[in-house]
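J.: Provided below: coords-v7.pdb, containing PDB, C-alpha atoms, pLDDT in the B column.
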ATOM      1  CA  MET A   1      13.026   3.943 -61.240  1.00 43.00           C
ATOM      2  CA  THR A   2      13.517   6.064 -58.146  1.00 46.00           C
ATOM      3  CA  THR A   3      11.809   8.896 -56.279  1.00 48.00           C
ATOM      4  CA  LEU A   4      15.099  10.592 -55.410  1.00 53.00           C
ATOM      5  CA  SER A   5      14.451  14.305 -54.899  1.00 54.00           C
ATOM      6  CA  ILE A   6      16.299  16.828 -57.014  1.00 60.00           C
ATOM      7  CA  ASP A   7      18.359  18.040 -54.027  1.00 71.00           C
ATOM      8  CA  ALA A   8      19.192  14.617 -52.595  1.00 85.00           C
ATOM      9  CA  PRO A   9      22.699  13.248 -53.204  1.00 94.00           C
ATOM     10  CA  ALA A  10      23.071  10.407 -55.660  1.00 96.00           C
ATOM     11  CA  LEU A  11      25.290   8.639 -53.120  1.00 97.00           C
ATOM     12  CA  HIS A  12      25.197   8.978 -49.356  1.00 97.00           C
ATOM     13  CA  VAL A  13      27.723   7.131 -47.197  1.00 98.00           C
ATOM     14  CA  GLU A  14      27.769   7.426 -43.417  1.00 97.00           C
ATOM     15  CA  ALA A  15      29.979   5.731 -40.820  1.00 97.00           C
ATOM     16  CA  LEU A  16      30.805   2.836 -43.140  1.00 97.00           C
ATOM     17  CA  GLU A  17      32.988   0.158 -41.544  1.00 97.00           C
ATOM     18  CA  LYS A  18      34.392  -3.108 -42.871  1.00 97.00           C
ATOM     19  CA  SER A  19      36.947  -5.558 -41.519  1.00 96.00           C
ATOM     20  CA  PHE A  20      38.369  -8.803 -42.818  1.00 94.00           C
ATOM     21  CA  LYS A  21      39.194 -10.777 -39.676  1.00 91.00           C
ATOM     22  CA  GLU A  22      41.814  -8.636 -37.913  1.00 91.00           C
ATOM     23  CA  LEU A  23      42.310  -6.266 -40.829  1.00 93.00           C
ATOM     24  CA  HIS A  24      40.261  -3.059 -40.422  1.00 94.00           C
ATOM     25  CA  VAL A  25      39.813  -1.781 -43.967  1.00 96.00           C
ATOM     26  CA  LEU A  26      37.132   0.896 -43.458  1.00 97.00           C
ATOM     27  CA  ARG A  27      36.977   2.739 -40.150  1.00 96.00           C
ATOM     28  CA  GLY A  28      33.977   5.033 -40.503  1.00 96.00           C
ATOM     29  CA  VAL A  29      33.782   6.447 -44.019  1.00 97.00           C
ATOM     30  CA  ASP A  30      31.472   9.404 -44.721  1.00 97.00           C
ATOM     31  CA  PHE A  31      30.780  11.262 -47.973  1.00 97.00           C
ATOM     32  CA  ASP A  32      28.024  12.442 -50.300  1.00 97.00           C
ATOM     33  CA  VAL A  33      28.104  12.612 -54.090  1.00 97.00           C
ATOM     34  CA  ALA A  34      25.922  15.134 -55.920  1.00 96.00           C
ATOM     35  CA  ARG A  35      23.869  13.988 -58.880  1.00 95.00           C
ATOM     36  CA  GLY A  36      25.540  14.419 -62.261  1.00 94.00           C
ATOM     37  CA  SER A  37      28.971  15.032 -60.753  1.00 96.00           C
ATOM     38  CA  ILE A  38      32.328  13.250 -60.843  1.00 97.00           C
ATOM     39  CA  PHE A  39      33.545  12.301 -57.378  1.00 98.00           C
ATOM     40  CA  ALA A  40      37.088  10.959 -57.022  1.00 97.00           C
ATOM     41  CA  LEU A  41      38.009   8.655 -54.173  1.00 96.00           C
ATOM     42  CA  LEU A  42      41.766   9.137 -54.036  1.00 94.00           C
ATOM     43  CA  GLY A  43      44.093   6.882 -52.096  1.00 91.00           C
ATOM     44  CA  SER A  44      47.116   4.630 -52.205  1.00 88.00           C
ATOM     45  CA  ASN A  45      46.939   0.895 -52.853  1.00 87.00           C
ATOM     46  CA  GLY A  46      45.232  -0.789 -49.899  1.00 86.00           C
ATOM     47  CA  ALA A  47      43.491   2.381 -48.722  1.00 90.00           C
ATOM     48  CA  GLY A  48      40.048   0.745 -49.051  1.00 94.00           C
ATOM     49  CA  LYS A  49      38.807   2.324 -52.296  1.00 94.00           C
ATOM     50  CA  THR A  50      37.704  -0.906 -53.955  1.00 93.00           C
ATOM     51  CA  THR A  51      36.056  -2.080 -50.734  1.00 96.00           C
ATOM     52  CA  VAL A  52      33.891   1.056 -50.747  1.00 97.00           C
ATOM     53  CA  VAL A  53      32.889   0.418 -54.357  1.00 96.00           C
ATOM     54  CA  ARG A  54      32.097  -3.238 -53.683  1.00 95.00           C
ATOM     55  CA  ILE A  55      29.828  -2.250 -50.783  1.00 97.00           C
ATOM     56  CA  LEU A  56      28.045   0.446 -52.790  1.00 97.00           C
ATOM     57  CA  SER A  57      27.531  -1.959 -55.698  1.00 96.00           C
ATOM     58  CA  THR A  58      26.055  -4.612 -53.321  1.00 96.00           C
ATOM     59  CA  LEU A  59      28.910  -7.070 -53.906  1.00 95.00           C
ATOM     60  CA  LEU A  60      29.989  -6.867 -50.263  1.00 96.00           C
ATOM     61  CA  LYS A  61      28.134  -6.213 -47.021  1.00 96.00           C
ATOM     62  CA  ALA A  62      29.367  -3.539 -44.629  1.00 97.00           C
ATOM     63  CA  ASP A  63      29.904  -4.426 -40.973  1.00 97.00           C
ATOM     64  CA  SER A  64      28.194  -1.213 -39.898  1.00 97.00           C
ATOM     65  CA  GLY A  65      27.136   2.176 -41.190  1.00 97.00           C
ATOM     66  CA  THR A  66      24.677   3.134 -43.909  1.00 96.00           C
ATOM     67  CA  ALA A  67      24.890   3.798 -47.619  1.00 97.00           C
ATOM     68  CA  THR A  68      22.286   4.776 -50.186  1.00 97.00           C
ATOM     69  CA  VAL A  69      22.497   4.863 -53.983  1.00 97.00           C
ATOM     70  CA  ALA A  70      19.852   6.904 -55.832  1.00 95.00           C
ATOM     71  CA  GLY A  71      17.849   6.883 -52.607  1.00 95.00           C
ATOM     72  CA  PHE A  72      17.970   3.097 -52.132  1.00 97.00           C
ATOM     73  CA  ASP A  73      19.658   1.472 -49.148  1.00 97.00           C
ATOM     74  CA  VAL A  74      22.436  -0.903 -50.248  1.00 97.00           C
ATOM     75  CA  GLY A  75      21.793  -3.196 -47.297  1.00 94.00           C
ATOM     76  CA  THR A  76      17.999  -3.511 -47.400  1.00 96.00           C
ATOM     77  CA  GLN A  77      17.239  -2.721 -51.066  1.00 97.00           C
ATOM     78  CA  PRO A  78      20.092  -4.330 -53.027  1.00 96.00           C
ATOM     79  CA  ALA A  79      17.952  -5.274 -56.041  1.00 96.00           C
ATOM     80  CA  SER A  80      16.808  -1.655 -56.478  1.00 96.00           C
ATOM     81  CA  VAL A  81      20.394  -0.442 -56.134  1.00 96.00           C
ATOM     82  CA  ARG A  82      21.584  -2.845 -58.835  1.00 94.00           C
ATOM     83  CA  GLU A  83      18.947  -1.495 -61.219  1.00 92.00           C
ATOM     84  CA  CYS A  84      20.422   2.007 -60.803  1.00 94.00           C
ATOM     85  CA  ILE A  85      24.131   1.330 -61.202  1.00 95.00           C
ATOM     86  CA  SER A  86      26.830   0.024 -63.438  1.00 92.00           C
ATOM     87  CA  LEU A  87      30.311  -1.049 -62.387  1.00 91.00           C
ATOM     88  CA  THR A  88      33.485  -0.967 -64.459  1.00 87.00           C
ATOM     89  CA  GLY A  89      36.421  -2.699 -62.804  1.00 78.00           C
ATOM     90  CA  GLN A  90      40.160  -2.300 -63.225  1.00 70.00           C
ATOM     91  CA  PHE A  91      40.285  -4.501 -66.325  1.00 67.00           C
ATOM     92  CA  ALA A  92      38.073  -4.208 -69.398  1.00 67.00           C
ATOM     93  CA  ALA A  93      35.339  -6.866 -69.406  1.00 79.00           C
ATOM     94  CA  VAL A  94      34.901  -7.156 -73.168  1.00 89.00           C
ATOM     95  CA  ASP A  95      34.873 -10.180 -75.480  1.00 92.00           C
ATOM     96  CA  GLU A  96      37.958  -9.890 -77.668  1.00 93.00           C
ATOM     97  CA  THR A  97      36.636 -12.375 -80.229  1.00 95.00           C
ATOM     98  CA  LEU A  98      33.691 -10.105 -81.052  1.00 96.00           C
ATOM     99  CA  THR A  99      33.674  -6.732 -82.739  1.00 96.00           C
ATOM    100  CA  GLY A 100      32.951  -3.574 -80.807  1.00 96.00           C
ATOM    101  CA  ARG A 101      29.456  -3.427 -82.262  1.00 96.00           C
ATOM    102  CA  GLU A 102      28.804  -7.082 -81.442  1.00 96.00           C
ATOM    103  CA  ASN A 103      29.840  -6.550 -77.819  1.00 95.00           C
ATOM    104  CA  LEU A 104      27.359  -3.698 -77.459  1.00 95.00           C
ATOM    105  CA  VAL A 105      24.537  -5.534 -79.218  1.00 95.00           C
ATOM    106  CA  LEU A 106      25.131  -8.603 -77.052  1.00 93.00           C
ATOM    107  CA  MET A 107      24.899  -6.553 -73.861  1.00 91.00           C
ATOM    108  CA  ALA A 108      21.710  -4.827 -75.036  1.00 93.00           C
ATOM    109  CA  ARG A 109      20.160  -8.197 -75.837  1.00 92.00           C
ATOM    110  CA  LEU A 110      21.172  -9.604 -72.451  1.00 89.00           C
ATOM    111  CA  ARG A 111      19.363  -6.663 -70.862  1.00 87.00           C
ATOM    112  CA  HIS A 112      16.292  -7.445 -73.011  1.00 89.00           C
ATOM    113  CA  LEU A 113      16.285  -3.971 -74.539  1.00 90.00           C
ATOM    114  CA  LYS A 114      14.537  -3.062 -77.769  1.00 91.00           C
ATOM    115  CA  GLY A 115      16.325  -1.275 -80.586  1.00 93.00           C
ATOM    116  CA  PHE A 116      19.684  -2.826 -79.719  1.00 90.00           C
ATOM    117  CA  ALA A 117      21.217  -1.870 -83.078  1.00 93.00           C
ATOM    118  CA  GLU A 118      20.364   1.794 -82.521  1.00 94.00           C
ATOM    119  CA  ILE A 119      21.699   1.600 -78.944  1.00 93.00           C
ATOM    120  CA  ALA A 120      24.997   0.224 -80.242  1.00 95.00           C
ATOM    121  CA  ASP A 121      25.276   2.875 -82.955  1.00 94.00           C
ATOM    122  CA  ASP A 122      24.619   5.669 -80.469  1.00 92.00           C
ATOM    123  CA  LEU A 123      27.272   4.461 -78.033  1.00 92.00           C
ATOM    124  CA  LEU A 124      29.832   3.835 -80.770  1.00 94.00           C
ATOM    125  CA  ALA A 125      29.416   7.440 -81.900  1.00 91.00           C
ATOM    126  CA  ARG A 126      29.437   8.798 -78.356  1.00 87.00           C
ATOM    127  CA  PHE A 127      32.724   7.075 -77.497  1.00 88.00           C
ATOM    128  CA  GLN A 128      34.461   7.739 -80.832  1.00 88.00           C
ATOM    129  CA  LEU A 129      34.480   4.066 -81.865  1.00 93.00           C
ATOM    130  CA  VAL A 130      32.573   4.253 -85.155  1.00 95.00           C
ATOM    131  CA  ASP A 131      35.638   3.637 -87.319  1.00 95.00           C
ATOM    132  CA  ALA A 132      36.535   0.545 -85.264  1.00 96.00           C
ATOM    133  CA  ALA A 133      32.979  -0.713 -84.807  1.00 96.00           C
ATOM    134  CA  ASP A 134      33.356  -3.759 -87.023  1.00 96.00           C
ATOM    135  CA  ARG A 135      36.874  -4.710 -86.008  1.00 96.00           C
ATOM    136  CA  ARG A 136      37.517  -7.489 -83.504  1.00 97.00           C
ATOM    137  CA  VAL A 137      38.229  -6.069 -80.061  1.00 95.00           C
ATOM    138  CA  ALA A 138      41.488  -8.063 -80.001  1.00 95.00           C
ATOM    139  CA  THR A 139      42.836  -5.411 -82.399  1.00 96.00           C
ATOM    140  CA  TYR A 140      41.853  -2.475 -80.155  1.00 94.00           C
ATOM    141  CA  SER A 141      44.298  -0.391 -78.162  1.00 90.00           C
ATOM    142  CA  GLY A 142      44.021  -0.327 -74.371  1.00 86.00           C
ATOM    143  CA  GLY A 143      42.210   2.990 -74.445  1.00 86.00           C
ATOM    144  CA  MET A 144      39.726   1.780 -77.052  1.00 90.00           C
ATOM    145  CA  ARG A 145      38.953  -1.343 -75.024  1.00 90.00           C
ATOM    146  CA  ARG A 146      38.402   0.722 -71.911  1.00 87.00           C
ATOM    147  CA  ARG A 147      36.127   3.136 -73.775  1.00 89.00           C
ATOM    148  CA  LEU A 148      34.140   0.195 -75.138  1.00 92.00           C
ATOM    149  CA  ASP A 149      33.937  -1.241 -71.620  1.00 90.00           C
ATOM    150  CA  ILE A 150      32.537   2.034 -70.293  1.00 89.00           C
ATOM    151  CA  ALA A 151      30.108   2.231 -73.230  1.00 90.00           C
ATOM    152  CA  MET A 152      28.840  -1.272 -72.447  1.00 90.00           C
ATOM    153  CA  SER A 153      28.295  -0.294 -68.821  1.00 88.00           C
ATOM    154  CA  LEU A 154      25.961   2.514 -69.935  1.00 87.00           C
ATOM    155  CA  ILE A 155      23.519   0.240 -71.732  1.00 91.00           C
ATOM    156  CA  GLY A 156      20.220   0.643 -69.925  1.00 89.00           C
ATOM    157  CA  ASP A 157      21.053   4.239 -68.915  1.00 89.00           C
ATOM    158  CA  PRO A 158      22.078   3.689 -65.268  1.00 92.00           C
ATOM    159  CA  PRO A 159      22.086   7.017 -63.382  1.00 95.00           C
ATOM    160  CA  VAL A 160      25.172   6.040 -61.352  1.00 96.00           C
ATOM    161  CA  ILE A 161      28.376   4.432 -62.577  1.00 95.00           C
ATOM    162  CA  PHE A 162      31.346   3.222 -60.540  1.00 96.00           C
ATOM    163  CA  LEU A 163      34.741   3.339 -62.236  1.00 93.00           C
ATOM    164  CA  ASP A 164      37.294   1.440 -60.164  1.00 91.00           C
ATOM    165  CA  GLU A 165      40.757   2.640 -61.256  1.00 89.00           C
ATOM    166  CA  PRO A 166      39.724   2.788 -64.922  1.00 87.00           C
ATOM    167  CA  THR A 167      43.122   3.793 -66.341  1.00 87.00           C
ATOM    168  CA  THR A 168      45.296   1.225 -64.566  1.00 83.00           C
ATOM    169  CA  GLY A 169      47.978  -0.007 -66.975  1.00 80.00           C
ATOM    170  CA  LEU A 170      47.079   2.364 -69.813  1.00 82.00           C
ATOM    171  CA  ASP A 171      49.585   4.436 -71.765  1.00 83.00           C
ATOM    172  CA  PRO A 172      49.354   8.260 -71.597  1.00 84.00           C
ATOM    173  CA  GLN A 173      47.358   8.620 -74.828  1.00 84.00           C
ATOM    174  CA  SER A 174      44.884   5.935 -73.771  1.00 82.00           C
ATOM    175  CA  ARG A 175      44.470   7.615 -70.385  1.00 86.00           C
ATOM    176  CA  LEU A 176      43.552  10.887 -72.117  1.00 87.00           C
ATOM    177  CA  GLU A 177      40.967   9.042 -74.218  1.00 85.00           C
ATOM    178  CA  VAL A 178      39.380   7.546 -71.103  1.00 86.00           C
ATOM    179  CA  TRP A 179      39.434  10.911 -69.326  1.00 91.00           C
ATOM    180  CA  HIS A 180      37.471  12.410 -72.211  1.00 89.00           C
ATOM    181  CA  SER A 181      34.915   9.601 -71.977  1.00 87.00           C
ATOM    182  CA  VAL A 182      34.497  10.093 -68.221  1.00 90.00           C
ATOM    183  CA  LYS A 183      33.877  13.808 -68.703  1.00 91.00           C
ATOM    184  CA  GLU A 184      31.264  12.939 -71.322  1.00 87.00           C
ATOM    185  CA  LEU A 185      29.454  10.756 -68.781  1.00 87.00           C
ATOM    186  CA  ALA A 186      28.939  13.662 -66.398  1.00 90.00           C
ATOM    187  CA  ALA A 187      28.037  15.966 -69.279  1.00 90.00           C
ATOM    188  CA  HIS A 188      25.144  13.586 -70.061  1.00 88.00           C
ATOM    189  CA  GLY A 189      23.980  13.667 -66.425  1.00 91.00           C
ATOM    190  CA  THR A 190      25.521  10.415 -65.169  1.00 94.00           C
ATOM    191  CA  THR A 191      26.864  10.432 -61.620  1.00 97.00           C
ATOM    192  CA  VAL A 192      30.397   9.027 -61.541  1.00 96.00           C
ATOM    193  CA  LEU A 193      32.282   7.682 -58.552  1.00 97.00           C
ATOM    194  CA  LEU A 194      35.873   7.254 -59.653  1.00 95.00           C
ATOM    195  CA  THR A 195      38.522   5.508 -57.585  1.00 95.00           C
ATOM    196  CA  THR A 196      42.105   6.281 -58.444  1.00 92.00           C
ATOM    197  CA  GLN A 197      45.611   6.393 -57.059  1.00 89.00           C
ATOM    198  CA  TYR A 198      46.687   8.870 -59.734  1.00 89.00           C
ATOM    199  CA  LEU A 199      46.764  12.442 -58.472  1.00 89.00           C
ATOM    200  CA  ASP A 200      46.623  13.988 -61.944  1.00 90.00           C
ATOM    201  CA  GLU A 201      43.547  11.904 -62.766  1.00 92.00           C
ATOM    202  CA  ALA A 202      41.629  13.219 -59.777  1.00 93.00           C
ATOM    203  CA  GLU A 203      42.846  16.728 -60.520  1.00 92.00           C
ATOM    204  CA  GLN A 204      41.722  16.596 -64.163  1.00 93.00           C
ATOM    205  CA  LEU A 205      38.353  14.894 -63.741  1.00 94.00           C
ATOM    206  CA  ALA A 206      36.752  15.375 -60.364  1.00 96.00           C
ATOM    207  CA  ASP A 207      34.257  17.981 -59.212  1.00 96.00           C
ATOM    208  CA  ARG A 208      35.068  16.872 -55.662  1.00 97.00           C
ATOM    209  CA  ILE A 209      37.922  14.781 -54.280  1.00 97.00           C
ATOM    210  CA  ALA A 210      37.966  12.712 -51.093  1.00 97.00           C
ATOM    211  CA  ILE A 211      41.272  11.393 -49.802  1.00 96.00           C
ATOM    212  CA  LEU A 212      40.914   7.935 -48.253  1.00 95.00           C
ATOM    213  CA  HIS A 213      43.744   6.946 -45.944  1.00 93.00           C
ATOM    214  CA  ASP A 214      43.958   4.150 -43.404  1.00 91.00           C
ATOM    215  CA  GLY A 215      40.248   3.435 -43.799  1.00 94.00           C
ATOM    216  CA  ARG A 216      39.071   7.004 -43.200  1.00 94.00           C
ATOM    217  CA  ILE A 217      38.236  10.069 -45.283  1.00 96.00           C
ATOM    218  CA  ILE A 218      40.838  12.565 -44.115  1.00 95.00           C
ATOM    219  CA  ALA A 219      39.978  15.355 -46.573  1.00 95.00           C
ATOM    220  CA  ASN A 220      37.021  16.074 -48.840  1.00 96.00           C
ATOM    221  CA  GLY A 221      36.426  19.063 -51.073  1.00 96.00           C
ATOM    222  CA  THR A 222      36.873  20.667 -54.454  1.00 95.00           C
ATOM    223  CA  LEU A 223      40.394  20.946 -55.812  1.00 92.00           C
ATOM    224  CA  ALA A 224      40.430  24.634 -54.873  1.00 92.00           C
ATOM    225  CA  GLU A 225      39.265  23.838 -51.322  1.00 93.00           C
ATOM    226  CA  LEU A 226      41.932  21.183 -50.881  1.00 92.00           C
ATOM    227  CA  LYS A 227      44.638  23.498 -52.168  1.00 88.00           C
ATOM    228  CA  ARG A 228      43.627  26.071 -49.564  1.00 88.00           C
ATOM    229  CA  LEU A 229      44.621  23.564 -46.866  1.00 86.00           C
ATOM    230  CA  LEU A 230      48.237  24.416 -47.670  1.00 77.00           C
ATOM    231  CA  PRO A 231      49.639  27.941 -47.846  1.00 73.00           C
ATOM    232  CA  PRO A 232      51.282  29.026 -51.104  1.00 69.00           C
ATOM    233  CA  ALA A 233      55.047  28.479 -51.233  1.00 63.00           C
ATOM    234  CA  THR A 234      57.355  31.313 -52.214  1.00 61.00           C
ATOM    235  CA  VAL A 235      60.255  30.403 -54.469  1.00 58.00           C
ATOM    236  CA  GLU A 236      62.629  33.250 -55.308  1.00 60.00           C
ATOM    237  CA  TYR A 237      59.879  35.721 -54.469  1.00 58.00           C
ATOM    238  CA  VAL A 238      57.370  34.033 -56.784  1.00 62.00           C
ATOM    239  CA  GLU A 239      54.259  32.652 -55.150  1.00 69.00           C
ATOM    240  CA  LYS A 240      53.746  28.971 -55.970  1.00 70.00           C
ATOM    241  CA  GLN A 241      50.288  27.505 -55.452  1.00 77.00           C
ATOM    242  CA  PRO A 242      50.251  23.986 -53.947  1.00 80.00           C
ATOM    243  CA  SER A 243      49.483  21.121 -56.295  1.00 81.00           C
ATOM    244  CA  LEU A 244      47.135  18.284 -55.431  1.00 84.00           C
ATOM    245  CA  GLU A 245      50.252  16.158 -54.922  1.00 80.00           C
ATOM    246  CA  ASP A 246      51.502  18.626 -52.284  1.00 81.00           C
ATOM    247  CA  VAL A 247      48.116  18.518 -50.541  1.00 83.00           C
ATOM    248  CA  PHE A 248      47.866  14.724 -50.667  1.00 84.00           C
ATOM    249  CA  LEU A 249      51.358  14.121 -49.285  1.00 81.00           C
ATOM    250  CA  ALA A 250      50.914  16.708 -46.533  1.00 84.00           C
ATOM    251  CA  ILE A 251      47.521  15.385 -45.415  1.00 85.00           C
ATOM    252  CA  VAL A 252      48.518  11.731 -45.539  1.00 81.00           C
ATOM    253  CA  GLY A 253      51.746  12.505 -43.724  1.00 76.00           C
ATOM    254  CA  ASN A 254      49.895  14.356 -40.968  1.00 69.00           C
ATOM    255  CA  ALA A 255      47.461  11.447 -40.594  1.00 67.00           C
ATOM    256  CA  GLN A 256      50.196   8.912 -39.838  1.00 62.00           C
TER     257      GLN A 256
END
Could you quickly redo this structure as structure tokens?
T.:
Amino acid sequence: MTTLSIDAPALHVEALEKSFKELHVLRGVDFDVARGSIFALLGSNGAGKTTVVRILSTLLKADSGTATVAGFDVGTQPASVRECISLTGQFAAVDETLTGRENLVLMARLRHLKGFAEIADDLLARFQLVDAADRRVATYSGGMRRRLDIAMSLIGDPPVIFLDEPTTGLDPQSRLEVWHSVKELAAHGTTVLLTTQYLDEAEQLADRIAILHDGRIIANGTLAELKRLLPPATVEYVEKQPSLEDVFLAIVGNAQ
């Protein structure tokens, strides 16, 4: 599918800019995502996270800058990019009138894949949905629907998956279920770009975290690297390490 070298990043974004009339959404965004890793794009509502995902998934054209996915340029090779990716939006795109198994089989058939029954069985087992496989999706919990949605996005084995705020509106238990599924993606070698406004989500899942604020990446690193941006606090002579929330609020506040 691609001749991407073993050392090349799965995603490369450089000087990406996008405006909607007078609204400057992206003001020169730069980051790389290593293959088989989970990269969290962390930011408040309106920071530009979804715009980045829409550009990388070829749904939107950038005004300037470059971006490659699995070695393919999103501007000049959009068809090749689309063959390498899958996108899961903020709301589960599943058919509630069908069963979980039927949703997966339908997607495999739409992709003209052979062995669609085996594909469905494998994904049902992988995402802990075997017991609910033959129930209508209308009876699923929010977490189960989201896990099924992610499973459907993996049909065809895309090397890169975009998860745009995948736990929006989910209860705590459902969020934990989705977190487990996301970790499983990376464990199987899938590269995951995750957008989120939840600090604990980025802290729990990501190998690297980039903070997007006012259309720019204002910090990018591992959780440990970001925590080193703030000195430890001392409370009653006990050293307190900064949390990701402390780092985020300090960096965003300094960028105002």
J.: Given the file shown, enumerate the residues that the PyMOL selection byres ((chain A and resi 74) around 10) captures and present them as number ranges by chain.
T.: A: 55-62, 66-73, 75-82
J.: Find, counting all atoms listed in the file, the residue in A:Asp157, A:Lys183, A:Pro9, A:Asp63 that gets nearest to Cys84 (chain A).
T.: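 So, comparing all the options, the nearest one is A:Asp157.
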J.: Give as a count of residues only the residues that the PyMOL selection byres ((chain A and resi 117) around 12) matches when applied to the coordinates above.
T.: 22
J.: Every residue with an atom at most 9 Å from (40.3, 1.2, -70.3) (file coordinates; all atoms listed in the file) is what I'm after, so could you write them as a list of chain:residue names?
T.: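 Answer for this query, in the requested form: A:Gln90, A:Phe91, A:Ala92, A:Ser141, A:Gly142, A:Gly143, A:Met144, A:Arg145, A:Arg146, A:Arg147, A:Leu148, A:Asp149, A:Ile150, A:Pro166, A:Thr167, A:Thr168, A:Gly169, A:Leu170, A:Ser174, A:Arg175, A:Glu177, A:Val178.
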J.: What is the distance between CA of Ala186 (chain A) and CA of Asp171 (chain A), in Å to one decimal?
T.: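 About the pair CA of Ala186 (chain A) and CA of Asp171 (chain A): they are 23.2 Å apart.
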J.: If we count only C-alpha atoms, what is near Gly28 (chain A) at a cut-off of 8 Å, once residues fewer than 6 positions away on the same chain are taken out, given as a PDB file with C-alpha atoms, in the frame of the given file?
T.:
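Dumped to result22.pdb:
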ATOM      1  CA  GLU A  14      27.769   7.426 -43.417  1.00 97.00           C
ATOM      2  CA  ALA A  15      29.979   5.731 -40.820  1.00 97.00           C
ATOM      3  CA  LEU A  16      30.805   2.836 -43.140  1.00 97.00           C
ATOM      4  CA  GLU A  17      32.988   0.158 -41.544  1.00 97.00           C
ATOM      5  CA  GLY A  65      27.136   2.176 -41.190  1.00 97.00           C
ATOM      6  CA  GLY A 215      40.248   3.435 -43.799  1.00 94.00           C
ATOM      7  CA  ARG A 216      39.071   7.004 -43.200  1.00 94.00           C
TER       8      ARG A 216
END
J.: List the residues matched by the PyMOL selection byres ((chain A and resi 188-198) around 8) in the displayed structure as a ChimeraX atom specification, ordered by chain and then by residue number.
T.: /A:10,33-45,49-50,158-166,182,184-187,199-202
J.: Only C-alpha atoms, please: the residues just picked out, written as an mmCIF file, keeping the file's coordinate frame.
T.:
data_model
loop_
_atom_site.group_PDB
_atom_site.id
_atom_site.type_symbol
_atom_site.label_atom_id
_atom_site.label_comp_id
_atom_site.auth_asym_id
_atom_site.auth_seq_id
_atom_site.Cartn_x
_atom_site.Cartn_y
_atom_site.Cartn_z
ATOM 1 C CA ALA A 10 23.071 10.407 -55.660
ATOM 2 C CA VAL A 33 28.104 12.612 -54.090
ATOM 3 C CA ALA A 34 25.922 15.134 -55.920
ATOM 4 C CA ARG A 35 23.869 13.988 -58.880
ATOM 5 C CA GLY A 36 25.540 14.419 -62.261
ATOM 6 C CA SER A 37 28.971 15.032 -60.753
ATOM 7 C CA ILE A 38 32.328 13.250 -60.843
ATOM 8 C CA PHE A 39 33.545 12.301 -57.378
ATOM 9 C CA ALA A 40 37.088 10.959 -57.022
ATOM 10 C CA LEU A 41 38.009 8.655 -54.173
ATOM 11 C CA LEU A 42 41.766 9.137 -54.036
ATOM 12 C CA GLY A 43 44.093 6.882 -52.096
ATOM 13 C CA SER A 44 47.116 4.630 -52.205
ATOM 14 C CA ASN A 45 46.939 0.895 -52.853
ATOM 15 C CA LYS A 49 38.807 2.324 -52.296
ATOM 16 C CA THR A 50 37.704 -0.906 -53.955
ATOM 17 C CA PRO A 158 22.078 3.689 -65.268
ATOM 18 C CA PRO A 159 22.086 7.017 -63.382
ATOM 19 C CA VAL A 160 25.172 6.040 -61.352
ATOM 20 C CA ILE A 161 28.376 4.432 -62.577
ATOM 21 C CA PHE A 162 31.346 3.222 -60.540
ATOM 22 C CA LEU A 163 34.741 3.339 -62.236
ATOM 23 C CA ASP A 164 37.294 1.440 -60.164
ATOM 24 C CA GLU A 165 40.757 2.640 -61.256
ATOM 25 C CA PRO A 166 39.724 2.788 -64.922
ATOM 26 C CA VAL A 182 34.497 10.093 -68.221
ATOM 27 C CA GLU A 184 31.264 12.939 -71.322
ATOM 28 C CA LEU A 185 29.454 10.756 -68.781
ATOM 29 C CA ALA A 186 28.939 13.662 -66.398
ATOM 30 C CA ALA A 187 28.037 15.966 -69.279
ATOM 31 C CA LEU A 199 46.764 12.442 -58.472
ATOM 32 C CA ASP A 200 46.623 13.988 -61.944
ATOM 33 C CA GLU A 201 43.547 11.904 -62.766
ATOM 34 C CA ALA A 202 41.629 13.219 -59.777
#
J.: What separation in Å, quoted to one decimal, exists between CA of Leu176 (chain A) and CA of Leu212 (chain A)?
T.: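 Computed distance, CA of Leu176 (chain A) to CA of Leu212 (chain A), equals 24.2 Å.
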J.: Any chance you could work out the axis-aligned box around region 171-175 of chain A, listed atoms only, 5 Å on each side, giving centre and edge lengths in Å to one decimal, as JSON?
T.:
{"center_x": 47.0, "center_y": 6.5, "center_z": -72.6, "size_x": 15.1, "size_y": 14.2, "size_z": 14.4}
J.: Could you work out how far CA of Asp32 (chain A) lies from CA of Ile211 (chain A), giving the answer in Å with one decimal?
T.: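 CA of Asp32 (chain A) lies at a distance of 13.3 Å from CA of Ile211 (chain A).
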J.: Select, from A:Asp134, A:Leu98, A:Phe31, A:Lys240, the residue with the minimum atom-to-atom distance to Arg208 (chain A), counting only C-alpha atoms.
T.: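 Among A:Asp134, A:Leu98, A:Phe31, A:Lys240, it is A:Phe31 that comes nearest to Arg208 (chain A).
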J.: Give me the residues near Gly48 (chain A) as a count of residues only, where near means some atom within 7 Å (using only C-alpha atoms) and where sequence neighbours in that chain fewer than 3 positions away do not count.
T.: 5
J.: Between A:Arg136, A:His213, A:Arg228, A:His112, which is the closest to Thr99 (chain A) once you count only C-alpha atoms?
T.: A:Arg136
